[in-house]
Structure formats: structure tokens, C-alpha cells
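See below for run.cif, which holds mmCIF, C-alpha atoms and all ligand atoms.
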data_upload
#
loop_
_atom_site.label_atom_id
_atom_site.label_comp_id
_atom_site.auth_asym_id
_atom_site.auth_seq_id
_atom_site.Cartn_x
_atom_site.Cartn_y
_atom_site.Cartn_z
CA MET A 1 0.00 0.00 0.00
CA SER A 2 1.21 3.48 -0.85
CA THR A 3 2.02 5.35 2.30
CA PHE A 4 4.23 8.36 3.01
CA HIS A 5 7.76 7.81 4.26
CA PRO A 6 10.09 10.56 5.43
CA LEU A 7 13.05 10.72 3.02
CA ARG A 8 16.19 12.77 3.56
CA VAL A 9 17.19 15.42 1.05
CA THR A 10 20.78 14.81 -0.05
CA ALA A 11 21.17 17.48 -2.73
CA VAL A 12 19.49 20.68 -3.86
CA ASP A 13 20.85 21.66 -7.29
CA GLN A 14 19.93 25.07 -8.62
CA LEU A 15 18.80 24.60 -12.25
CA THR A 16 17.65 28.15 -13.01
CA ASP A 17 16.80 31.23 -10.95
CA ASP A 18 13.43 29.73 -10.08
CA SER A 19 13.93 25.97 -10.24
CA VAL A 20 15.85 23.22 -8.47
CA ALA A 21 16.47 19.51 -8.72
CA LEU A 22 15.99 17.75 -5.39
CA THR A 23 17.61 14.43 -4.60
CA PHE A 24 16.28 12.17 -1.83
CA ALA A 25 18.08 9.17 -0.32
CA VAL A 26 16.01 5.98 -0.20
CA PRO A 27 17.04 3.67 2.66
CA PRO A 28 17.75 0.04 1.62
CA GLU A 29 14.65 -1.34 3.39
CA LEU A 30 12.32 0.97 1.39
CA ARG A 31 13.92 0.67 -2.07
CA HIS A 32 11.54 -1.99 -3.35
CA LEU A 33 8.65 0.44 -2.67
CA TYR A 34 10.17 3.32 -4.63
CA GLY A 35 10.96 1.60 -7.94
CA TYR A 36 9.63 3.64 -10.85
CA SER A 37 8.97 3.57 -14.56
CA PRO A 38 10.19 6.38 -16.85
CA GLY A 39 7.73 9.29 -16.67
CA GLN A 40 6.28 8.64 -13.20
CA HIS A 41 5.98 11.14 -10.36
CA ILE A 42 5.98 11.25 -6.56
CA ALA A 43 3.74 13.17 -4.19
CA LEU A 44 5.37 15.25 -1.45
CA ARG A 45 3.69 16.42 1.74
CA ARG A 46 4.44 19.13 4.24
CA HIS A 47 2.60 20.85 7.03
CA ARG A 48 2.63 24.61 6.75
CA ALA A 49 4.35 26.61 9.42
CA GLY A 50 1.51 29.15 9.28
CA GLY A 51 0.43 32.19 7.31
CA ASP A 52 -2.44 34.50 6.54
CA ALA A 53 -4.35 32.38 4.11
CA VAL A 54 -3.81 28.90 5.44
CA ALA A 55 -3.84 27.82 9.05
CA ALA A 56 -0.63 26.63 10.67
CA GLY A 57 -0.30 22.89 10.37
CA ALA A 58 -2.48 22.68 7.23
CA GLU A 59 -1.32 19.91 4.99
CA VAL A 60 -0.03 20.71 1.50
CA ARG A 61 0.57 18.00 -1.09
CA ARG A 62 2.10 18.32 -4.54
CA THR A 63 3.29 15.88 -7.18
CA TYR A 64 6.62 16.26 -8.98
CA SER A 65 8.02 14.16 -11.80
CA LEU A 66 11.13 12.06 -11.47
CA CYS A 67 13.82 13.15 -13.91
CA ALA A 68 16.47 10.41 -13.60
CA PRO A 69 16.48 7.17 -15.63
CA ALA A 70 14.02 4.58 -14.33
CA CYS A 71 15.14 2.14 -11.65
CA ASP A 72 13.50 -0.84 -9.89
CA GLU A 73 15.18 -0.37 -6.50
CA PRO A 74 16.59 3.17 -6.47
CA SER A 75 19.01 4.33 -3.82
CA GLU A 76 17.95 7.87 -4.62
CA LEU A 77 15.11 9.80 -6.25
CA ARG A 78 15.64 13.02 -8.23
CA ILE A 79 12.85 15.42 -9.14
CA GLY A 80 12.62 18.82 -10.80
CA ILE A 81 10.67 21.66 -9.17
CA ARG A 82 9.95 25.07 -10.61
CA GLY A 83 8.81 27.78 -8.20
CA VAL A 84 5.28 28.92 -8.98
CA GLU A 85 4.18 32.34 -7.82
CA GLY A 86 2.18 31.87 -4.64
CA GLY A 87 2.94 28.13 -4.78
CA ASP A 88 2.82 26.71 -1.26
CA PHE A 89 5.11 23.82 -1.84
CA SER A 90 7.25 24.96 -4.76
CA SER A 91 8.36 28.19 -3.04
CA TYR A 92 9.30 26.22 0.06
CA ALA A 93 11.22 23.68 -2.02
CA VAL A 94 13.07 26.24 -4.13
CA LYS A 95 13.89 28.71 -1.34
CA GLU A 96 14.01 26.81 1.95
CA LEU A 97 14.77 23.11 1.57
CA ARG A 98 18.38 22.18 2.31
CA PRO A 99 20.36 18.94 2.30
CA GLY A 100 19.71 17.10 5.55
CA ASP A 101 16.02 18.12 5.72
CA THR A 102 13.40 15.37 5.48
CA VAL A 103 10.21 15.40 3.43
CA ASP A 104 7.28 12.96 3.43
CA VAL A 105 7.23 11.18 0.07
CA LEU A 106 4.71 8.75 -1.44
CA PRO A 107 5.98 5.91 -3.65
CA PRO A 108 5.96 6.69 -7.40
CA THR A 109 2.76 6.50 -9.45
CA GLY A 110 1.49 7.76 -12.78
CA ARG A 111 0.68 6.43 -16.21
CA PHE A 112 2.53 8.98 -18.34
CA VAL A 113 5.03 6.23 -19.01
CA LEU A 114 7.05 4.87 -21.89
CA GLU A 115 8.48 1.43 -21.18
CA PRO A 116 11.52 1.02 -23.45
CA ARG A 117 10.75 -0.69 -26.75
CA PRO A 118 12.02 -0.42 -30.33
CA GLY A 119 10.45 2.36 -32.36
CA ARG A 120 10.30 6.06 -32.98
CA PHE A 121 9.01 8.35 -30.25
CA ALA A 122 8.60 12.09 -29.85
CA ALA A 123 7.71 14.66 -27.22
CA VAL A 124 6.53 18.25 -27.15
CA VAL A 125 7.17 19.86 -23.77
CA GLY A 126 6.90 23.30 -22.25
CA GLY A 127 8.87 24.63 -19.26
CA SER A 128 9.06 22.15 -16.39
CA GLY A 129 7.25 19.61 -18.62
CA ILE A 130 10.76 18.51 -19.58
CA THR A 131 11.11 16.71 -16.21
CA PRO A 132 9.29 13.38 -16.87
CA VAL A 133 10.34 13.41 -20.53
CA LEU A 134 13.99 13.57 -19.50
CA SER A 135 13.49 10.32 -17.60
CA ILE A 136 11.57 8.81 -20.54
CA ALA A 137 14.17 9.75 -23.17
CA SER A 138 17.25 8.85 -21.14
CA THR A 139 15.82 5.46 -20.11
CA LEU A 140 14.66 4.64 -23.64
CA LEU A 141 17.88 5.58 -25.41
CA ALA A 142 20.12 3.81 -22.88
CA ARG A 143 18.13 0.58 -22.78
CA GLU A 144 16.78 0.19 -26.31
CA PRO A 145 19.31 0.50 -29.19
CA GLU A 146 16.50 0.30 -31.76
CA ALA A 147 14.67 3.36 -30.44
CA ARG A 148 14.82 6.99 -31.58
CA PHE A 149 13.55 10.06 -29.77
CA CYS A 150 12.73 13.56 -30.98
CA LEU A 151 12.28 16.24 -28.31
CA VAL A 152 10.68 19.60 -29.09
CA ARG A 153 10.93 21.85 -26.08
CA SER A 154 9.58 25.31 -25.54
CA ASP A 155 10.84 27.75 -22.92
CA ARG A 156 10.81 31.46 -22.24
CA SER A 157 14.57 31.95 -22.54
CA THR A 158 17.83 30.04 -22.27
CA ALA A 159 18.27 31.30 -18.73
CA SER A 160 14.92 29.83 -17.67
CA THR A 161 15.45 26.43 -19.34
CA MET A 162 15.57 23.52 -16.88
CA PHE A 163 17.93 20.57 -17.41
CA LEU A 164 19.92 22.23 -20.21
CA GLU A 165 23.03 20.18 -19.46
CA GLU A 166 21.15 16.91 -19.21
CA THR A 167 19.49 17.31 -22.62
CA ALA A 168 22.80 18.44 -24.19
CA ASP A 169 24.38 15.32 -22.69
CA LEU A 170 21.75 13.12 -24.38
CA LYS A 171 22.65 14.74 -27.68
CA ASP A 172 26.32 13.94 -27.13
CA ARG A 173 25.68 10.36 -26.10
CA PHE A 174 23.11 9.49 -28.76
CA PRO A 175 23.82 11.80 -31.73
CA ASP A 176 22.13 9.50 -34.25
CA ARG A 177 19.06 8.63 -32.21
CA PHE A 178 18.21 11.78 -30.25
CA GLN A 179 16.96 14.92 -31.95
CA LEU A 180 16.52 18.14 -29.96
CA VAL A 181 14.68 21.26 -31.10
CA THR A 182 14.41 24.22 -28.74
CA VAL A 183 12.00 27.09 -29.26
CA LEU A 184 12.31 30.18 -27.07
CA SER A 185 9.30 32.42 -26.67
CA ARG A 186 10.97 35.51 -25.24
CA GLU A 187 14.38 35.55 -26.81
CA GLU A 188 15.50 36.80 -30.17
CA GLN A 189 16.71 34.11 -32.51
CA GLN A 190 20.28 33.20 -31.76
CA SER A 191 22.66 30.38 -32.53
CA GLY A 192 20.09 28.50 -34.59
CA LEU A 193 17.37 28.43 -31.96
CA ALA A 194 13.87 29.22 -33.15
CA SER A 195 11.90 31.89 -31.29
CA GLY A 196 8.24 32.68 -30.67
CA ARG A 197 5.37 30.76 -29.13
CA LEU A 198 4.55 27.17 -30.07
CA ASP A 199 0.91 26.92 -31.07
CA GLU A 200 -1.18 24.56 -33.17
CA ARG A 201 -0.40 26.32 -36.44
CA ARG A 202 3.33 26.36 -35.84
CA LEU A 203 3.50 22.79 -34.62
CA SER A 204 1.45 21.60 -37.63
CA ALA A 205 4.18 23.00 -39.88
CA LEU A 206 7.18 22.18 -37.69
CA LEU A 207 6.59 18.53 -36.78
CA PRO A 208 6.36 17.10 -40.34
CA SER A 209 9.60 18.94 -41.18
CA LEU A 210 11.39 17.18 -38.30
CA LEU A 211 10.25 13.57 -38.61
CA PRO A 212 7.85 11.26 -40.47
CA VAL A 213 4.78 11.91 -38.33
CA PRO A 214 2.81 8.72 -39.34
CA ASP A 215 5.78 6.56 -38.30
CA VAL A 216 5.93 7.85 -34.73
CA ASP A 217 4.82 5.12 -32.31
CA GLY A 218 4.10 7.40 -29.36
CA TRP A 219 3.81 11.13 -28.68
CA TYR A 220 4.40 12.51 -25.19
CA LEU A 221 3.01 15.98 -24.44
CA CYS A 222 3.79 17.63 -21.14
CA GLY A 223 3.59 21.15 -19.77
CA PRO A 224 1.02 23.90 -19.28
CA LEU A 225 -2.55 23.13 -20.31
CA GLY A 226 -2.48 25.57 -23.28
CA LEU A 227 0.61 24.06 -24.91
CA VAL A 228 -0.56 20.47 -24.42
CA GLU A 229 -3.94 21.28 -25.98
CA GLU A 230 -2.34 23.09 -28.94
CA ALA A 231 0.06 20.20 -29.54
CA SER A 232 -2.70 17.62 -29.23
CA ARG A 233 -4.83 19.49 -31.78
CA ALA A 234 -1.88 19.77 -34.16
CA LEU A 235 -1.22 16.03 -33.95
CA ARG A 236 -4.87 15.14 -34.46
CA GLY A 237 -4.90 17.48 -37.47
CA LEU A 238 -1.87 15.62 -38.85
CA GLY A 239 -3.79 12.35 -38.60
CA VAL A 240 -2.17 10.91 -35.46
CA PRO A 241 -4.53 8.42 -33.72
CA ARG A 242 -5.57 9.46 -30.22
CA ALA A 243 -4.20 6.22 -28.76
CA ARG A 244 -0.65 7.31 -29.71
CA ILE A 245 -0.93 10.64 -27.88
CA HIS A 246 -0.06 10.66 -24.17
CA GLN A 247 -0.30 13.80 -22.14
CA GLU A 248 0.40 15.16 -18.72
CA ILE A 249 -0.71 18.62 -17.65
CA PHE A 250 1.32 20.78 -15.27
CA HIS A 251 0.15 24.03 -13.70
CA VAL A 252 -3.26 23.39 -12.15
CA THR A 253 -3.79 27.12 -11.72
CA GLU A 254 -4.59 27.49 -15.40
CA VAL A 255 -7.53 25.12 -15.11
CA PRO A 256 -10.81 26.94 -14.51
CA SER A 257 -12.56 25.52 -11.48
CA ALA A 258 -15.68 23.55 -12.23
CA PRO A 259 -18.97 24.12 -10.38
CA VAL A 260 -19.69 21.60 -7.65
CA ALA A 261 -22.65 19.41 -8.53
CA SER A 262 -25.26 18.97 -5.83
CA ARG A 263 -27.80 16.20 -5.47
CA ALA A 264 -30.40 18.37 -7.14
CA ASP A 265 -28.18 18.32 -10.26
CA ALA A 266 -28.07 14.55 -10.04
CA GLY A 267 -31.82 14.09 -10.24
CA GLY A 268 -32.60 14.76 -6.56
CA LEU A 269 -30.91 11.79 -4.93
CA ARG A 270 -32.05 11.64 -1.29
CA SER A 271 -29.23 9.72 0.30
CA VAL A 272 -26.05 8.43 -1.16
CA SER A 273 -23.54 6.00 0.25
CA VAL A 274 -20.07 5.17 -0.89
CA THR A 275 -18.35 1.86 -0.35
CA ALA A 276 -14.60 1.95 -0.70
CA ASN A 277 -12.02 -0.77 -0.75
CA LEU A 278 -8.65 0.60 0.34
CA ASP A 279 -5.57 -1.36 1.24
CA GLY A 280 -7.58 -4.58 1.56
CA ARG A 281 -10.15 -3.14 3.99
CA SER A 282 -13.55 -1.91 2.98
CA GLY A 283 -16.06 0.49 4.54
CA CYS A 284 -19.42 2.00 3.64
CA TRP A 285 -20.31 5.59 4.59
CA PRO A 286 -23.03 8.16 3.82
CA MET A 287 -21.95 11.04 1.60
CA ASP A 288 -22.69 14.64 2.48
CA ASP A 289 -24.31 16.72 -0.23
CA GLY A 290 -21.77 18.19 -2.65
CA GLU A 291 -18.94 15.95 -1.47
CA SER A 292 -16.65 14.16 -3.86
CA VAL A 293 -16.04 10.45 -3.37
CA LEU A 294 -12.54 11.29 -2.13
CA GLU A 295 -13.83 13.76 0.48
CA THR A 296 -16.23 11.19 1.93
CA VAL A 297 -13.58 8.50 2.06
CA LEU A 298 -11.02 10.87 3.62
CA ARG A 299 -13.39 11.65 6.52
CA HIS A 300 -13.12 7.99 7.52
CA ARG A 301 -9.84 6.85 6.00
CA ALA A 302 -7.08 9.42 6.27
CA ASP A 303 -4.78 7.11 4.31
CA ALA A 304 -6.72 7.49 1.04
CA PRO A 305 -4.22 8.60 -1.63
CA PHE A 306 -4.48 12.05 -3.22
CA ALA A 307 -2.28 14.99 -4.11
CA CYS A 308 -3.65 17.80 -6.32
CA LYS A 309 -7.41 17.38 -5.71
CA GLY A 310 -7.75 19.12 -9.07
CA GLY A 311 -8.17 16.26 -11.56
CA VAL A 312 -4.59 16.61 -12.79
CA CYS A 313 -2.18 14.21 -11.06
CA GLY A 314 -4.13 10.93 -11.11
CA THR A 315 -3.01 9.92 -7.59
CA CYS A 316 -6.65 9.35 -6.51
CA ARG A 317 -7.47 6.98 -9.38
CA VAL A 318 -10.03 4.31 -8.39
CA ARG A 319 -11.94 1.61 -10.22
CA LEU A 320 -15.67 2.15 -10.21
CA VAL A 321 -17.03 -1.22 -9.11
CA SER A 322 -20.73 -0.31 -9.16
CA GLY A 323 -23.00 2.72 -9.32
CA GLU A 324 -22.55 5.85 -11.38
CA VAL A 325 -20.53 9.00 -10.91
CA ARG A 326 -19.94 12.14 -12.89
CA MET A 327 -16.45 13.60 -13.05
CA GLU A 328 -16.18 17.37 -12.86
CA ARG A 329 -12.98 17.34 -14.87
CA ASN A 330 -10.25 14.96 -15.91
CA TYR A 331 -6.76 15.89 -17.04
CA ALA A 332 -5.16 12.69 -15.78
CA LEU A 333 -6.90 9.59 -17.12
CA GLU A 334 -6.52 8.45 -20.69
CA ASP A 335 -9.32 7.02 -22.83
CA ASP A 336 -8.36 3.39 -22.25
CA GLU A 337 -8.45 3.91 -18.47
CA LEU A 338 -11.91 5.48 -18.67
CA GLU A 339 -13.11 2.57 -20.79
CA ALA A 340 -11.68 0.16 -18.22
CA GLY A 341 -13.86 1.82 -15.56
CA TYR A 342 -11.35 4.05 -13.78
CA VAL A 343 -12.34 7.44 -12.39
CA LEU A 344 -10.71 10.16 -10.30
CA ALA A 345 -12.09 10.02 -6.76
CA CYS A 346 -11.40 13.74 -6.19
CA GLN A 347 -13.58 14.68 -9.16
CA SER A 348 -16.35 12.08 -8.83
CA ARG A 349 -19.83 13.05 -7.63
CA PRO A 350 -22.54 10.41 -7.33
CA VAL A 351 -25.31 10.05 -9.89
CA SER A 352 -26.73 6.91 -8.24
CA GLU A 353 -27.68 6.24 -4.62
CA ALA A 354 -24.91 3.73 -4.03
CA VAL A 355 -21.40 3.93 -5.35
CA GLU A 356 -18.61 1.43 -4.82
CA VAL A 357 -14.97 2.15 -5.65
CA ASP A 358 -11.75 0.22 -5.34
CA PHE A 359 -8.52 2.09 -4.58
CA ASP A 360 -6.46 -1.08 -4.79
CA GLY A 361 -7.18 -2.19 -8.32
S1 LIG A 401 -5.82 14.05 -6.34
FE1 LIG A 401 -4.89 14.63 -8.25
S2 LIG A 401 -6.35 13.91 -9.70
FE2 LIG A 401 -7.33 13.52 -7.81
#

Would you mind giving the structure from this file in C-alpha cells?
Ligand code: FES
Amino acid sequence: MSTFHPLRVTAVDQLTDDSVALTFAVPPELRHLYGYSPGQHIALRRHRAGGDAVAAGAEVRRTYSLCAPACDEPSELRIGIRGVEGGDFSSYAVKELRPGDTVDVLPPTGRFVLEPRPGRFAAVVGGSGITPVLSIASTLLAREPEARFCLVRSDRSTASTMFLEETADLKDRFPDRFQLVTVLSREEQQSGLASGRLDERRLSALLPSLLPVPDVDGWYLCGPLGLVEEASRALRGLGVPRARIHQEIFHVTEVPSAPVASRADAGGLRSVSVTANLDGRSGCWPMDDGESVLETVLRHRADAPFACKGGVCGTCRVRLVSGEVRMERNYALEDDELEAGYVLACQSRPVSEAVEVDFDG
């Protein structure tokens, strides 16, 4: 079962003015729990020291992608964090965390994953969206000699570009199989780098000039909502099947908040109960009006997994065993997961009087 463990910070590497790479040591007895696939993320937790807006002791959780090559029993975990204005956790991580501090960390999860296999793959990333794709590309190229990877990255300027050295290193190590294109939105063209914003129109012209689009076995889009949507539309316009497009959204703040559905919206349900199976134990509880499935479960089981509560990270994924729910929004689950009956507990409101979910499978 996924539970938080305190891990010690062993390194804080400044990547840019507003971003760092954090390295955590994983003790030998926990390593089997922290194995990860390329592209996965971890959730971090802290309790605020206090402040105007949030009470002292309030819990803050955030997910951050692992940037190092995948490993089954890692002795350390490395993540990239960019400071977000007003960001509770990111500001703390970028400005305050020091080697020797400990942070509560959940074992890795996430389905924005590329397990190494022969083929041609490509990614379009913006800003800190490079983080999981760095793990994906470095794992793929090192483990699979018959794989190629094309990375199109967009940043504001060279100075704000995370993991510059790491991507340059991939180019040096795999000159024939790794292609890198950098587009800077706020910098005049220099030394061959393109400038301006990447949008659907530009990507529709750029991508076919870089690689044979129909031959690409998987596309990985990661970054702010706007860029991921523009890239997805460009690919669909170029005839790429949806099943080959994988996406992960960063920056929840850009997502407009959805209205909370009440029971009146759901046809006037009088009473609703949720049954949840979590870590092999199950319970059945009444839901309060307007609550999400996650909120009800959390009132009784504090160990229920979640991080963003915004439909973005996928940490709260559950299988809907019976009943019906409506999701307010979903930026985490892919079509095949929805078809297989998975939903996000933090976004699910009941549409039937009894709902049963399984956190374990
Ligand atoms: S907690 Fe992140 S999607 Fe539900």
C-alpha cells in the first residue's frame, strides 16, 4: 500500500533562478517500494508553518516528476521543481529546503510512461514539462538500441530552461538517435534556436519537417494546459490516432474551477452511500451533499491517496465497481483507463444512490 515515508534530502541543485532539482536518499529497506517507470511522479507532503491564508499545520501536497532514468530499486530519487508564484510547496522547495532536511514522500505513481521498446518516439514539452520526458528519453535511449527520440521543447529563454546540461548530454551520447529542437518564446533568434510561441499552427508546420509523423509510435506531451492542448490538436490534425498521444498537464492554476454538482443536479438523490475498498479493507459511509467520493472517504480513512485534488495528477485513481458517478474534470486519465472503468475520486460526484470504488485495483 502506498504510504508516506520521510526521506532525507541529499542534494538541492539550482537549475535556473526559479527551479531546483531535489535528490532524496532511499534507505535500503524501502527501495523496493520506490521503484519507478520512466515518466512517473511522486507526491510530497508538508505541514505549513503558518500564514495568513492557510492555518498553521495545514497539509499541503504536490506531485513532482522524477527526472532520472528509471530504476526498480533506487538508492535515490531526483525530481525537478519550478517555483510557482504563490505556490505553497514549490516556493518552500526552491527557497528553503536544504540537504539534511526530510520530506514525506509517497511511492511513485502515474501512467505517463514509456516502457523502453524499439520504435520512434517524440515529445513536445513546455517549461518544467521537460522533467518526466527527460526520464523517458534517457531510459529509452540507454536501454533500447532500436529506439529513436525527438524532443521539441519550448521555454521562455535560455536562462529559464531547466535541465539544459542533461538534454545536451543526451545529444552527445546518442547523436544518431536523439533529436533536440528548442524554441524560445521571449528571446531573439540566436545560434540556430527558433523563437516565438509554439501553437497549433506552428506545430502543424514544424513537426512534419522534423520527422515522419505517421511513423511515430508514441507522442508525449507535457507542460502547461495551453501548450498540451495546442500540440494535441496539431497532432490530431496531422492524422495521429488518439491512442498514440499521451499527455500530462502541469500548472493546475490554469484550469478553470468547475462548479460543484449537488444532489439536485443529479436528479434529486435523497441519500447516497459510498463503499470503498482501500488497502484490503472496505467500509461504507453516507456522503454529504456536494462531497466528492474522495472527500467522503477521507473523513473515515485518512490514508486514502491524493495529491492535487484538481483532476490533474491521477493519484486518486479508483476503479468504479458499481454505481454511477460524474467527473467534474479529468486531465489525468486516458481514454483506455476510462473505458476500463477508472475514475478520479477527487472529481467524482454520485449520480446513483450507491457507489462502490476500489482504490487497490
Ligand atoms: S488528487 Fe490529483 S487527480 Fe485527484

Enumerate, in order of chain and increasing residue number, the residues of segment 22-41 of chain A with an atom no farther than 12 Å from segment 129-133 of chain A, each with its shortest atom pair and distance in Å to one decimal, counting all atoms listed in the file, as JSON lines.
{"residue": "A:Leu22", "atom": "CA", "partner": "A:Thr131", "partner_atom": "CA", "distance": 11.9}
{"residue": "A:Tyr36", "atom": "CA", "partner": "A:Pro132", "partner_atom": "CA", "distance": 11.5}
{"residue": "A:Ser37", "atom": "CA", "partner": "A:Pro132", "partner_atom": "CA", "distance": 10.1}
{"residue": "A:Pro38", "atom": "CA", "partner": "A:Pro132", "partner_atom": "CA", "distance": 7.1}
{"residue": "A:Gly39", "atom": "CA", "partner": "A:Pro132", "partner_atom": "CA", "distance": 4.4}
{"residue": "A:Gln40", "atom": "CA", "partner": "A:Pro132", "partner_atom": "CA", "distance": 6.7}
{"residue": "A:His41", "atom": "CA", "partner": "A:Pro132", "partner_atom": "CA", "distance": 7.6}

Work out where the centre of an axis-aligned box around every listed atom of ligand LIG 401 (chain A) lies and how long its edges are once 8 Å is added on each side; give both in Å to one decimal as JSON.
{"center_x": -6.1, "center_y": 14.1, "center_z": -8.0, "size_x": 18.4, "size_y": 17.1, "size_z": 19.4}

| field | Residue neighbourhood segment 135-150 of chain A, 8 Å, only C-alpha atoms, exclusion window fewer than 6 positions, as a PyMOL selection string | value | chain A and resi 38-39+66-70+113-123+170+174+177-181

| task | Check every protein, DNA and RNA residue against ligand LIG 401 (chain A), keep those with an atom at most 7 Å away (counting only C-alpha atoms and all ligand atoms), and present them as a PyMOL selection string. | result | chain A and resi 306-317+332+344-347

| task | State, in Å with one decimal place, the distance from atom CA of Ser65 of chain A to atom CA of Arg82 of chain A. | result |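 These atoms are spaced 11.1 Å apart.
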
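As for atom CA of Phe89 of chain A and atom CA of Val60 of chain A, they are spaced 6.9 Å apart.
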
Please identify all polymer residues lying at most 12 Å from the point (-3.1, 20.5, -31.1) (file coordinates), using all atoms listed in the file, and present the result as a PDB file with C-alpha atoms, in the coordinates of the input.
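So out.pdb came out as:
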ATOM      1  CA  VAL A 124       6.530  18.250 -27.150  1.00  0.00           C
ATOM      2  CA  LEU A 198       4.550  27.170 -30.070  1.00  0.00           C
ATOM      3  CA  ASP A 199       0.910  26.920 -31.070  1.00  0.00           C
ATOM      4  CA  GLU A 200      -1.180  24.560 -33.170  1.00  0.00           C
ATOM      5  CA  ARG A 201      -0.400  26.320 -36.440  1.00  0.00           C
ATOM      6  CA  ARG A 202       3.330  26.360 -35.840  1.00  0.00           C
ATOM      7  CA  LEU A 203       3.500  22.790 -34.620  1.00  0.00           C
ATOM      8  CA  SER A 204       1.450  21.600 -37.630  1.00  0.00           C
ATOM      9  CA  ALA A 205       4.180  23.000 -39.880  1.00  0.00           C
ATOM     10  CA  LEU A 207       6.590  18.530 -36.780  1.00  0.00           C
ATOM     11  CA  TRP A 219       3.810  11.130 -28.680  1.00  0.00           C
ATOM     12  CA  LEU A 221       3.010  15.980 -24.440  1.00  0.00           C
ATOM     13  CA  LEU A 225      -2.550  23.130 -20.310  1.00  0.00           C
ATOM     14  CA  GLY A 226      -2.480  25.570 -23.280  1.00  0.00           C
ATOM     15  CA  LEU A 227       0.610  24.060 -24.910  1.00  0.00           C
ATOM     16  CA  VAL A 228      -0.560  20.470 -24.420  1.00  0.00           C
ATOM     17  CA  GLU A 229      -3.940  21.280 -25.980  1.00  0.00           C
ATOM     18  CA  GLU A 230      -2.340  23.090 -28.940  1.00  0.00           C
ATOM     19  CA  ALA A 231       0.060  20.200 -29.540  1.00  0.00           C
ATOM     20  CA  SER A 232      -2.700  17.620 -29.230  1.00  0.00           C
ATOM     21  CA  ARG A 233      -4.830  19.490 -31.780  1.00  0.00           C
ATOM     22  CA  ALA A 234      -1.880  19.770 -34.160  1.00  0.00           C
ATOM     23  CA  LEU A 235      -1.220  16.030 -33.950  1.00  0.00           C
ATOM     24  CA  ARG A 236      -4.870  15.140 -34.460  1.00  0.00           C
ATOM     25  CA  GLY A 237      -4.900  17.480 -37.470  1.00  0.00           C
ATOM     26  CA  LEU A 238      -1.870  15.620 -38.850  1.00  0.00           C
ATOM     27  CA  GLY A 239      -3.790  12.350 -38.600  1.00  0.00           C
ATOM     28  CA  VAL A 240      -2.170  10.910 -35.460  1.00  0.00           C
ATOM     29  CA  ARG A 242      -5.570   9.460 -30.220  1.00  0.00           C
ATOM     30  CA  ILE A 245      -0.930  10.640 -27.880  1.00  0.00           C
ATOM     31  CA  GLN A 247      -0.300  13.800 -22.140  1.00  0.00           C
TER      32      GLN A 247
END

| task | Have a look at atom CA of Tyr220 of chain A and atom CA of Ala159 of chain A and let me know their distance in Å, one decimal. | result |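 Computing the Euclidean distance for atom CA of Tyr220 of chain A and atom CA of Ala159 of chain A yields 24.2 Å.
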
| said: Let me make sure I understand: among A:Ser157, A:Ser128, A:Thr182, A:Ser2, which one has the smallest atom-to-atom distance to Phe359 of chain A if we use all atoms listed in the file? | reply: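 Once distances to Phe359 of chain A are computed over all atoms listed in the file, the minimum belongs to A:Ser2.
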